[in-house]
Structure formats: C-alpha cells, structure tokens
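Undergrad: This is work_13.cif (mmCIF, N, CA and C atoms).
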data_model
loop_
_atom_site.label_atom_id
_atom_site.label_comp_id
_atom_site.auth_asym_id
_atom_site.auth_seq_id
_atom_site.Cartn_x
_atom_site.Cartn_y
_atom_site.Cartn_z
N MET A 1 19.96 24.89 11.40
CA MET A 1 19.96 23.55 11.94
C MET A 1 19.67 22.56 10.80
N SER A 2 20.40 21.46 10.73
CA SER A 2 20.16 20.47 9.70
C SER A 2 18.94 19.64 10.06
N ARG A 3 18.33 19.08 9.00
CA ARG A 3 17.14 18.27 9.20
C ARG A 3 17.49 16.81 9.00
N CYS A 4 16.92 15.98 9.81
CA CYS A 4 17.16 14.54 9.73
C CYS A 4 15.84 13.86 9.40
N ARG A 5 15.90 12.92 8.48
CA ARG A 5 14.71 12.18 8.08
C ARG A 5 14.91 10.73 8.44
N SER A 6 13.92 10.15 9.06
CA SER A 6 14.00 8.75 9.43
C SER A 6 12.77 8.02 8.92
N HIS A 7 12.99 6.81 8.40
CA HIS A 7 11.89 6.00 7.90
C HIS A 7 12.27 4.55 8.12
N LEU A 8 11.37 3.79 8.68
CA LEU A 8 11.63 2.38 8.91
C LEU A 8 10.92 1.56 7.85
N PRO A 9 11.64 1.08 6.85
CA PRO A 9 10.99 0.25 5.82
C PRO A 9 10.72 -1.15 6.36
N ARG A 10 10.13 -1.95 5.55
CA ARG A 10 9.88 -3.35 5.91
C ARG A 10 11.18 -4.02 6.33
N HIS A 11 11.08 -4.95 7.23
CA HIS A 11 12.25 -5.70 7.65
C HIS A 11 12.83 -6.44 6.45
N ALA A 12 14.13 -6.47 6.33
CA ALA A 12 14.80 -7.04 5.16
C ALA A 12 14.48 -8.51 4.93
N SER A 13 14.04 -9.24 5.97
CA SER A 13 13.75 -10.66 5.79
C SER A 13 12.34 -10.92 5.28
N LEU A 14 11.52 -9.86 5.17
CA LEU A 14 10.16 -10.03 4.67
C LEU A 14 10.14 -9.90 3.15
N PRO A 15 9.38 -10.76 2.47
CA PRO A 15 9.30 -10.65 1.01
C PRO A 15 8.50 -9.41 0.59
N LEU A 16 8.85 -8.88 -0.57
CA LEU A 16 8.08 -7.78 -1.16
C LEU A 16 6.99 -8.42 -2.01
N LEU A 17 5.78 -8.48 -1.48
CA LEU A 17 4.69 -9.20 -2.14
C LEU A 17 3.79 -8.32 -2.98
N ARG A 18 3.85 -7.01 -2.75
CA ARG A 18 2.99 -6.07 -3.48
C ARG A 18 3.80 -4.83 -3.83
N ALA A 19 3.29 -4.07 -4.77
CA ALA A 19 3.95 -2.83 -5.17
C ALA A 19 4.14 -1.90 -3.97
N GLU A 20 3.17 -1.84 -3.09
CA GLU A 20 3.26 -0.97 -1.93
C GLU A 20 4.45 -1.31 -1.05
N HIS A 21 4.78 -2.59 -0.95
CA HIS A 21 5.94 -3.00 -0.15
C HIS A 21 7.22 -2.45 -0.76
N ALA A 22 7.35 -2.56 -2.08
CA ALA A 22 8.54 -2.05 -2.76
C ALA A 22 8.63 -0.53 -2.65
N ILE A 23 7.51 0.15 -2.83
CA ILE A 23 7.50 1.61 -2.75
C ILE A 23 7.90 2.07 -1.35
N ASP A 24 7.52 1.32 -0.34
CA ASP A 24 7.91 1.65 1.03
C ASP A 24 9.44 1.64 1.17
N VAL A 25 10.07 0.62 0.61
CA VAL A 25 11.53 0.53 0.67
C VAL A 25 12.16 1.64 -0.18
N ILE A 26 11.63 1.84 -1.37
CA ILE A 26 12.18 2.85 -2.29
C ILE A 26 12.14 4.23 -1.67
N THR A 27 11.01 4.60 -1.09
CA THR A 27 10.90 5.94 -0.50
C THR A 27 11.82 6.12 0.70
N ALA A 28 12.23 5.02 1.30
CA ALA A 28 13.17 5.12 2.42
C ALA A 28 14.60 5.41 1.96
N VAL A 29 14.91 5.06 0.70
CA VAL A 29 16.30 5.21 0.25
C VAL A 29 16.53 6.34 -0.74
N ILE A 30 15.47 6.87 -1.35
CA ILE A 30 15.69 7.95 -2.32
C ILE A 30 16.09 9.23 -1.61
N SER A 31 16.72 10.11 -2.37
CA SER A 31 17.18 11.39 -1.83
C SER A 31 16.00 12.26 -1.43
N SER A 32 16.24 13.08 -0.42
CA SER A 32 15.24 14.05 0.00
C SER A 32 15.91 15.40 0.15
N PRO A 33 15.50 16.42 -0.61
CA PRO A 33 14.42 16.40 -1.59
C PRO A 33 14.76 15.51 -2.77
N PRO A 34 13.72 15.11 -3.54
CA PRO A 34 13.95 14.19 -4.66
C PRO A 34 15.00 14.71 -5.64
N GLN A 35 15.89 13.80 -6.03
CA GLN A 35 16.96 14.08 -6.99
C GLN A 35 16.88 13.06 -8.12
N PRO A 36 17.37 13.40 -9.30
CA PRO A 36 17.38 12.42 -10.40
C PRO A 36 18.26 11.22 -10.04
N GLU A 37 17.65 10.04 -10.01
CA GLU A 37 18.39 8.82 -9.67
C GLU A 37 17.52 7.62 -9.99
N THR A 38 18.16 6.47 -10.05
CA THR A 38 17.44 5.21 -10.21
C THR A 38 17.85 4.27 -9.09
N VAL A 39 16.86 3.63 -8.50
CA VAL A 39 17.05 2.66 -7.43
C VAL A 39 16.75 1.29 -7.99
N ALA A 40 17.59 0.33 -7.67
CA ALA A 40 17.36 -1.06 -8.06
C ALA A 40 17.31 -1.91 -6.79
N LEU A 41 16.17 -2.56 -6.57
CA LEU A 41 16.03 -3.50 -5.45
C LEU A 41 16.32 -4.88 -5.99
N LEU A 42 17.35 -5.53 -5.49
CA LEU A 42 17.74 -6.86 -5.93
C LEU A 42 17.15 -7.87 -4.95
N LEU A 43 16.37 -8.81 -5.48
CA LEU A 43 15.62 -9.74 -4.65
C LEU A 43 15.98 -11.18 -4.98
N ASP A 44 15.71 -12.06 -4.02
CA ASP A 44 15.92 -13.49 -4.29
C ASP A 44 14.66 -14.08 -4.91
N HIS A 45 14.61 -15.39 -5.07
CA HIS A 45 13.48 -16.04 -5.73
C HIS A 45 12.18 -15.92 -4.94
N ARG A 46 12.27 -15.62 -3.63
CA ARG A 46 11.07 -15.42 -2.80
C ARG A 46 10.68 -13.95 -2.72
N HIS A 47 11.42 -13.09 -3.44
CA HIS A 47 11.24 -11.63 -3.44
C HIS A 47 11.65 -10.99 -2.12
N VAL A 48 12.60 -11.63 -1.45
CA VAL A 48 13.20 -11.04 -0.25
C VAL A 48 14.41 -10.22 -0.69
N GLY A 49 14.54 -9.04 -0.12
CA GLY A 49 15.61 -8.12 -0.51
C GLY A 49 16.98 -8.61 -0.11
N GLY A 50 17.93 -8.19 -0.91
CA GLY A 50 19.32 -8.49 -0.62
C GLY A 50 20.16 -7.23 -0.69
N ARG A 51 20.22 -6.66 -1.87
CA ARG A 51 21.00 -5.44 -2.09
C ARG A 51 20.12 -4.35 -2.68
N ILE A 52 20.54 -3.12 -2.43
CA ILE A 52 19.89 -1.97 -3.04
C ILE A 52 20.97 -1.15 -3.73
N LEU A 53 20.78 -0.90 -5.02
CA LEU A 53 21.69 -0.04 -5.77
C LEU A 53 21.01 1.30 -5.99
N VAL A 54 21.74 2.38 -5.78
CA VAL A 54 21.25 3.72 -6.10
C VAL A 54 22.24 4.33 -7.08
N VAL A 55 21.73 4.67 -8.27
CA VAL A 55 22.58 5.23 -9.31
C VAL A 55 22.17 6.69 -9.50
N GLU A 56 22.98 7.57 -8.97
CA GLU A 56 22.67 9.00 -9.04
C GLU A 56 22.73 9.50 -10.47
N GLY A 57 21.72 10.29 -10.86
CA GLY A 57 21.69 10.91 -12.18
C GLY A 57 21.16 10.02 -13.29
N ALA A 58 20.93 8.74 -13.02
CA ALA A 58 20.47 7.82 -14.06
C ALA A 58 18.96 7.94 -14.22
N THR A 59 18.53 8.62 -15.30
CA THR A 59 17.09 8.78 -15.52
C THR A 59 16.67 8.48 -16.96
N SER A 60 17.61 8.41 -17.90
CA SER A 60 17.24 8.13 -19.29
C SER A 60 17.09 6.63 -19.49
N VAL A 61 16.38 6.26 -20.55
CA VAL A 61 16.19 4.86 -20.86
C VAL A 61 17.53 4.15 -21.04
N GLY A 62 18.48 4.80 -21.71
CA GLY A 62 19.80 4.20 -21.91
C GLY A 62 20.53 3.95 -20.60
N GLU A 63 20.44 4.90 -19.68
CA GLU A 63 21.10 4.74 -18.38
C GLU A 63 20.42 3.65 -17.55
N ILE A 64 19.12 3.54 -17.66
CA ILE A 64 18.40 2.50 -16.92
C ILE A 64 18.69 1.13 -17.52
N SER A 65 18.85 1.07 -18.83
CA SER A 65 19.27 -0.17 -19.47
C SER A 65 20.64 -0.60 -18.94
N ASP A 66 21.53 0.36 -18.75
CA ASP A 66 22.85 0.05 -18.17
C ASP A 66 22.72 -0.51 -16.76
N VAL A 67 21.76 0.00 -15.99
CA VAL A 67 21.53 -0.52 -14.63
C VAL A 67 21.08 -1.98 -14.71
N VAL A 68 20.16 -2.28 -15.62
CA VAL A 68 19.70 -3.66 -15.79
C VAL A 68 20.87 -4.56 -16.19
N ASP A 69 21.71 -4.10 -17.11
CA ASP A 69 22.90 -4.87 -17.50
C ASP A 69 23.80 -5.13 -16.30
N CYS A 70 24.00 -4.13 -15.48
CA CYS A 70 24.83 -4.28 -14.28
C CYS A 70 24.24 -5.34 -13.35
N VAL A 71 22.94 -5.29 -13.15
CA VAL A 71 22.28 -6.26 -12.27
C VAL A 71 22.41 -7.68 -12.82
N THR A 72 22.24 -7.86 -14.12
CA THR A 72 22.36 -9.21 -14.67
C THR A 72 23.80 -9.72 -14.56
N ARG A 73 24.78 -8.82 -14.68
CA ARG A 73 26.18 -9.25 -14.47
C ARG A 73 26.40 -9.64 -13.01
N LEU A 74 25.82 -8.90 -12.09
CA LEU A 74 25.92 -9.27 -10.67
C LEU A 74 25.27 -10.63 -10.44
N ALA A 75 24.14 -10.88 -11.10
CA ALA A 75 23.43 -12.16 -10.94
C ALA A 75 24.24 -13.33 -11.47
N ASP A 76 25.10 -13.07 -12.47
CA ASP A 76 25.97 -14.14 -12.97
C ASP A 76 26.88 -14.67 -11.87
N ASP A 77 27.30 -13.79 -10.98
CA ASP A 77 28.21 -14.17 -9.89
C ASP A 77 27.49 -14.47 -8.59
N ASP A 78 26.21 -14.11 -8.49
CA ASP A 78 25.45 -14.30 -7.26
C ASP A 78 24.10 -14.91 -7.60
N PRO A 79 23.97 -16.22 -7.49
CA PRO A 79 22.73 -16.89 -7.89
C PRO A 79 21.53 -16.55 -7.00
N THR A 80 21.75 -15.87 -5.90
CA THR A 80 20.60 -15.47 -5.07
C THR A 80 19.83 -14.30 -5.68
N ILE A 81 20.44 -13.60 -6.65
CA ILE A 81 19.73 -12.49 -7.31
C ILE A 81 18.84 -13.09 -8.39
N ALA A 82 17.53 -13.06 -8.14
CA ALA A 82 16.58 -13.67 -9.07
C ALA A 82 15.54 -12.69 -9.59
N ALA A 83 15.37 -11.57 -8.91
CA ALA A 83 14.33 -10.62 -9.30
C ALA A 83 14.81 -9.19 -9.04
N LEU A 84 14.12 -8.25 -9.69
CA LEU A 84 14.55 -6.86 -9.68
C LEU A 84 13.33 -5.94 -9.71
N VAL A 85 13.40 -4.88 -8.92
CA VAL A 85 12.43 -3.80 -9.00
C VAL A 85 13.22 -2.53 -9.25
N LEU A 86 12.81 -1.77 -10.26
CA LEU A 86 13.46 -0.50 -10.58
C LEU A 86 12.56 0.66 -10.18
N ALA A 87 13.18 1.76 -9.80
CA ALA A 87 12.46 3.01 -9.52
C ALA A 87 13.33 4.16 -9.99
N THR A 88 12.79 4.95 -10.92
CA THR A 88 13.52 6.10 -11.43
C THR A 88 12.85 7.36 -10.92
N VAL A 89 13.65 8.20 -10.27
CA VAL A 89 13.14 9.46 -9.73
C VAL A 89 13.42 10.56 -10.74
N ARG A 90 12.35 11.16 -11.19
CA ARG A 90 12.42 12.32 -12.08
C ARG A 90 11.58 13.42 -11.43
N PRO A 91 12.19 14.24 -10.59
CA PRO A 91 11.41 15.24 -9.84
C PRO A 91 10.57 16.14 -10.73
N TRP A 92 10.98 16.34 -11.97
CA TRP A 92 10.29 17.23 -12.89
C TRP A 92 9.12 16.56 -13.63
N ALA A 93 8.95 15.24 -13.49
CA ALA A 93 7.95 14.52 -14.27
C ALA A 93 6.54 15.02 -13.96
N VAL A 94 5.79 15.27 -15.02
CA VAL A 94 4.40 15.68 -14.90
C VAL A 94 3.58 14.77 -15.81
N GLY A 95 2.54 14.19 -15.28
CA GLY A 95 1.67 13.37 -16.11
C GLY A 95 2.12 11.94 -16.31
N GLY A 96 3.21 11.55 -15.69
CA GLY A 96 3.63 10.15 -15.76
C GLY A 96 4.87 9.92 -16.58
N PRO A 97 5.19 8.65 -16.78
CA PRO A 97 6.37 8.28 -17.56
C PRO A 97 6.27 8.77 -18.99
N ALA A 98 7.43 8.93 -19.61
CA ALA A 98 7.48 9.33 -21.02
C ALA A 98 7.06 8.16 -21.90
N PRO A 99 6.55 8.45 -23.11
CA PRO A 99 6.15 7.36 -24.01
C PRO A 99 7.28 6.35 -24.27
N GLU A 100 8.52 6.84 -24.36
CA GLU A 100 9.63 5.90 -24.59
C GLU A 100 9.86 4.97 -23.41
N ASP A 101 9.45 5.38 -22.20
CA ASP A 101 9.55 4.50 -21.04
C ASP A 101 8.64 3.29 -21.21
N GLU A 102 7.44 3.54 -21.69
CA GLU A 102 6.49 2.45 -21.85
C GLU A 102 6.99 1.43 -22.87
N LEU A 103 7.59 1.89 -23.95
CA LEU A 103 8.16 0.98 -24.93
C LEU A 103 9.38 0.25 -24.37
N ALA A 104 10.21 0.99 -23.65
CA ALA A 104 11.44 0.42 -23.11
C ALA A 104 11.18 -0.62 -22.03
N PHE A 105 10.07 -0.51 -21.33
CA PHE A 105 9.79 -1.45 -20.24
C PHE A 105 9.86 -2.89 -20.72
N PHE A 106 9.27 -3.17 -21.88
CA PHE A 106 9.27 -4.54 -22.40
C PHE A 106 10.68 -5.00 -22.77
N ASP A 107 11.49 -4.09 -23.33
CA ASP A 107 12.88 -4.43 -23.65
C ASP A 107 13.68 -4.68 -22.38
N LEU A 108 13.49 -3.84 -21.37
CA LEU A 108 14.20 -4.02 -20.11
C LEU A 108 13.83 -5.35 -19.46
N ARG A 109 12.54 -5.67 -19.49
CA ARG A 109 12.09 -6.93 -18.91
C ARG A 109 12.71 -8.11 -19.67
N ALA A 110 12.75 -8.03 -20.99
CA ALA A 110 13.33 -9.10 -21.80
C ALA A 110 14.83 -9.22 -21.55
N ASP A 111 15.53 -8.09 -21.47
CA ASP A 111 16.98 -8.10 -21.21
C ASP A 111 17.27 -8.72 -19.84
N ALA A 112 16.46 -8.38 -18.86
CA ALA A 112 16.65 -8.95 -17.52
C ALA A 112 16.43 -10.46 -17.56
N GLU A 113 15.39 -10.90 -18.25
CA GLU A 113 15.11 -12.34 -18.34
C GLU A 113 16.24 -13.10 -18.99
N VAL A 114 16.82 -12.53 -20.05
CA VAL A 114 17.96 -13.18 -20.70
C VAL A 114 19.10 -13.37 -19.70
N GLY A 115 19.24 -12.42 -18.78
CA GLY A 115 20.27 -12.51 -17.75
C GLY A 115 19.85 -13.31 -16.53
N GLY A 116 18.67 -13.95 -16.59
CA GLY A 116 18.22 -14.79 -15.48
C GLY A 116 17.57 -14.03 -14.33
N VAL A 117 17.12 -12.80 -14.59
CA VAL A 117 16.52 -11.97 -13.55
C VAL A 117 15.13 -11.56 -14.00
N ASP A 118 14.16 -11.64 -13.09
CA ASP A 118 12.78 -11.26 -13.38
C ASP A 118 12.57 -9.79 -12.99
N LEU A 119 12.33 -8.93 -13.99
CA LEU A 119 12.00 -7.53 -13.71
C LEU A 119 10.54 -7.47 -13.31
N ILE A 120 10.29 -7.31 -12.03
CA ILE A 120 8.93 -7.33 -11.50
C ILE A 120 8.17 -6.07 -11.91
N ASP A 121 8.78 -4.91 -11.73
CA ASP A 121 8.13 -3.65 -12.07
C ASP A 121 9.19 -2.57 -12.17
N TRP A 122 8.81 -1.51 -12.84
CA TRP A 122 9.64 -0.30 -12.94
C TRP A 122 8.72 0.87 -12.61
N PHE A 123 9.07 1.58 -11.56
CA PHE A 123 8.31 2.74 -11.13
C PHE A 123 9.01 4.01 -11.58
N VAL A 124 8.22 5.01 -11.94
CA VAL A 124 8.73 6.36 -12.17
C VAL A 124 8.10 7.24 -11.09
N LEU A 125 8.96 7.97 -10.39
CA LEU A 125 8.51 8.83 -9.31
C LEU A 125 8.77 10.29 -9.66
N SER A 126 7.79 11.13 -9.41
CA SER A 126 7.99 12.58 -9.49
C SER A 126 8.11 13.06 -8.04
N ALA A 127 8.07 14.35 -7.87
CA ALA A 127 8.12 14.89 -6.50
C ALA A 127 6.85 14.54 -5.73
N THR A 128 5.76 14.21 -6.44
CA THR A 128 4.48 13.98 -5.76
C THR A 128 3.74 12.71 -6.17
N HIS A 129 4.19 12.02 -7.22
CA HIS A 129 3.45 10.86 -7.72
C HIS A 129 4.37 9.67 -7.97
N VAL A 130 3.74 8.49 -8.01
CA VAL A 130 4.44 7.25 -8.37
C VAL A 130 3.60 6.55 -9.44
N TRP A 131 4.26 6.14 -10.54
CA TRP A 131 3.59 5.41 -11.60
C TRP A 131 4.28 4.07 -11.81
N SER A 132 3.50 3.04 -12.04
CA SER A 132 4.02 1.71 -12.34
C SER A 132 3.99 1.49 -13.84
N LEU A 133 5.14 1.14 -14.42
CA LEU A 133 5.17 0.85 -15.85
C LEU A 133 4.46 -0.47 -16.15
N ALA A 134 4.48 -1.42 -15.23
CA ALA A 134 3.76 -2.68 -15.46
C ALA A 134 2.26 -2.41 -15.59
N VAL A 135 1.74 -1.51 -14.77
CA VAL A 135 0.32 -1.17 -14.83
C VAL A 135 0.03 -0.32 -16.06
N ARG A 136 0.85 0.69 -16.33
CA ARG A 136 0.60 1.59 -17.47
C ARG A 136 0.66 0.88 -18.81
N THR A 137 1.47 -0.16 -18.91
CA THR A 137 1.62 -0.88 -20.18
C THR A 137 0.71 -2.09 -20.28
N ASP A 138 -0.08 -2.32 -19.26
CA ASP A 138 -0.92 -3.51 -19.18
C ASP A 138 -0.11 -4.80 -19.20
N ALA A 139 1.15 -4.70 -18.82
CA ALA A 139 1.98 -5.89 -18.67
C ALA A 139 1.52 -6.62 -17.40
N GLN A 140 1.85 -7.86 -17.33
CA GLN A 140 1.46 -8.63 -16.16
C GLN A 140 2.35 -8.26 -14.98
N PRO A 141 1.80 -7.61 -13.93
CA PRO A 141 2.61 -7.38 -12.74
C PRO A 141 3.03 -8.75 -12.16
N ARG A 142 4.22 -8.83 -11.68
CA ARG A 142 4.76 -10.11 -11.23
C ARG A 142 4.93 -10.18 -9.72
N TRP A 143 4.03 -9.51 -9.01
CA TRP A 143 4.04 -9.57 -7.55
C TRP A 143 3.43 -10.89 -7.12
N ARG A 144 3.85 -11.38 -5.98
CA ARG A 144 3.39 -12.68 -5.53
C ARG A 144 2.33 -12.60 -4.44
N GLY A 145 1.89 -11.41 -4.13
CA GLY A 145 0.91 -11.27 -3.03
C GLY A 145 -0.48 -11.02 -3.53
#
For this file, write the structure as structure tokens.
TA:
Amino acid sequence: MSRCRSHLPRHASLPLLRAEHAIDVITAVISSPPQPETVALLLDHRHVGGRILVVEGATSVGEISDVVDCVTRLADDDPTIAALVLATVRPWAVGGPAPEDELAFFDLRADAEVGGVDLIDWFVLSATHVWSLAVRTDAQPRWRG
C-alpha cells in the first residue's frame, strides 16, 4: 500500500516573520524521504509567499548560486519578488553545513542584493536537523518578526 503524507503549511497570505514559519513551509514541500534538492521561497516586500521553486539534485554551492541567479532573473520580470529564503536538503549532512557554505552565504546574499532581492536566510537540512547559515555565520537574520 502506498503512503500519503499531508501537511498544512501557513496560509499563503500570511507573511513569513520568523525562521520557524519558513521551515514550516519548506518541510511541507521537500521530498519524503529526504532527497538532495534546494527549495527557494520567493517572497514579496512584506515576506508573503508567492512562488516556490524546487530544484532536484541542486546541493553544491555552484548549483545554489545558479538558483539565486535564476531568482534574480525572475525578479527582473516580476517586481513583486523582493525576498528569498533558500533551503538545501543534504540527507547525508552530519554536523551542519560545510565550511564552503558559510563562506558562500555572504556571496549569495550579495549576488541576490545586486539583483534586487533580499536573501533572508539559507537553511541546510539533513535527515534529522536544520541549520541556519545566517545564524552560523553571525550574519544579521533579516526576519521581520
């Protein structure tokens, strides 16, 4: 018999004011069991969700940079895209993000800003844990709640 999973995330019209709000949405859309992928939550200036991108297999810094580039190109054509939350699922991750993730976070945030998009946070998820790159790097989390 096949198994069905159901999860009701926050209503789409509610702003994502804290990391927990974003994680609630992310866990509703990631693959189960966890698979290598990156989720991008595209938000407006009030941090209300609009679109969700799921890029299967994208887990390296280079692939995540490509996701940020894609989002900034989308924002060029859609002025409602003002902010971004990233979540990379690495089921094998133990002990948190890789050192190169911490360095890349600042570059990704800068690249997003050049494209007119605020990278609020980037989460790395394992099969059992969630880590925030904004917290791990002592960067200023940009949540509004």
Undergrad: For this structure, which residues satisfy the selection - the PyMOL selection byres (((chain A and resi 109 and name CA) around 12) and name CA) - when it is evaluated on the file as given? I want them as a PyMOL selection string.
TA: chain A and resi 64-65+68-69+72+83-86+101-108+110-122+133-134+139-142
Undergrad: For atom C of Ala22 of chain A and atom C of Val130 of chain A, quote the distance in Å rounded to one decimal.
TA: 11.0 Å
Undergrad: Please provide as JSON, numbers by chain all residues within 6.5 Å of segment 44-47 of chain A, with the sequence filter that same-chain residues fewer than 6 positions apart are discarded (counting all atoms listed in the file).
TA: {"A": [14, 15, 16, 17, 80, 81, 82, 83]}
Undergrad: Counting only C-alpha atoms, figure out which residue out of A:Phe123, A:Thr38, A:Ser60, A:Val67 gets nearest to Ile23 of chain A.
TA: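 Of A:Phe123, A:Thr38, A:Ser60, A:Val67, the one nearest Ile23 of chain A is A:Phe123, counting only C-alpha atoms.
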Undergrad: Can you tell me, as a ChimeraX atom specification, which residues in segment 1-143 of chain A count as strand (DSSP E) by DSSP?
TA: /A:37-43,49-56,83-89,118-125,130-132
Undergrad: Restricting the calculation to only C-alpha atoms, which member of A:Leu43, A:Ala127, A:Ala75, A:Val29 is positioned closest to Gly96 of chain A?
TA: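 Of the candidates, the smallest distance to Gly96 of chain A is held by A:Ala127.
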Undergrad: For a quick check of understanding, using all atoms listed in the file, which of A:Asp77, A:Glu100, A:Val39, A:Val71 has the smallest distance to Ile52 of chain A?
TA: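 Closest to Ile52 of chain A of all the choices is A:Val39.
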Undergrad: Written as a list of chain:residue names, what is the full residue list that the PyMOL selection byres ((chain A and resi 32-36) around 5) yields on the file shown?
TA: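 Matching residues under the PyMOL selection byres ((chain A and resi 32-36) around 5) are A:Ile30, A:Ser31, A:Glu37, A:Thr38, A:Glu56, A:Gly57, A:Ala58, A:Val89.
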Undergrad: Quote the spacing between atom CA of His21 of chain A and atom CA of Gly62 of chain A in Å to one decimal place.
TA: 26.8 Å
Undergrad: Give me, please, the distance in Å between atom N of Arg144 of chain A and atom N of Val25 of chain A, quoted to one decimal.
TA: 15.0 Å
Undergrad: Please list as a PyMOL selection string every residue within 7 Å of Arg51 of chain A, counting all atoms listed in the file and excluding residues in the same chain fewer than 6 positions away.
TA: chain A and resi 40-43
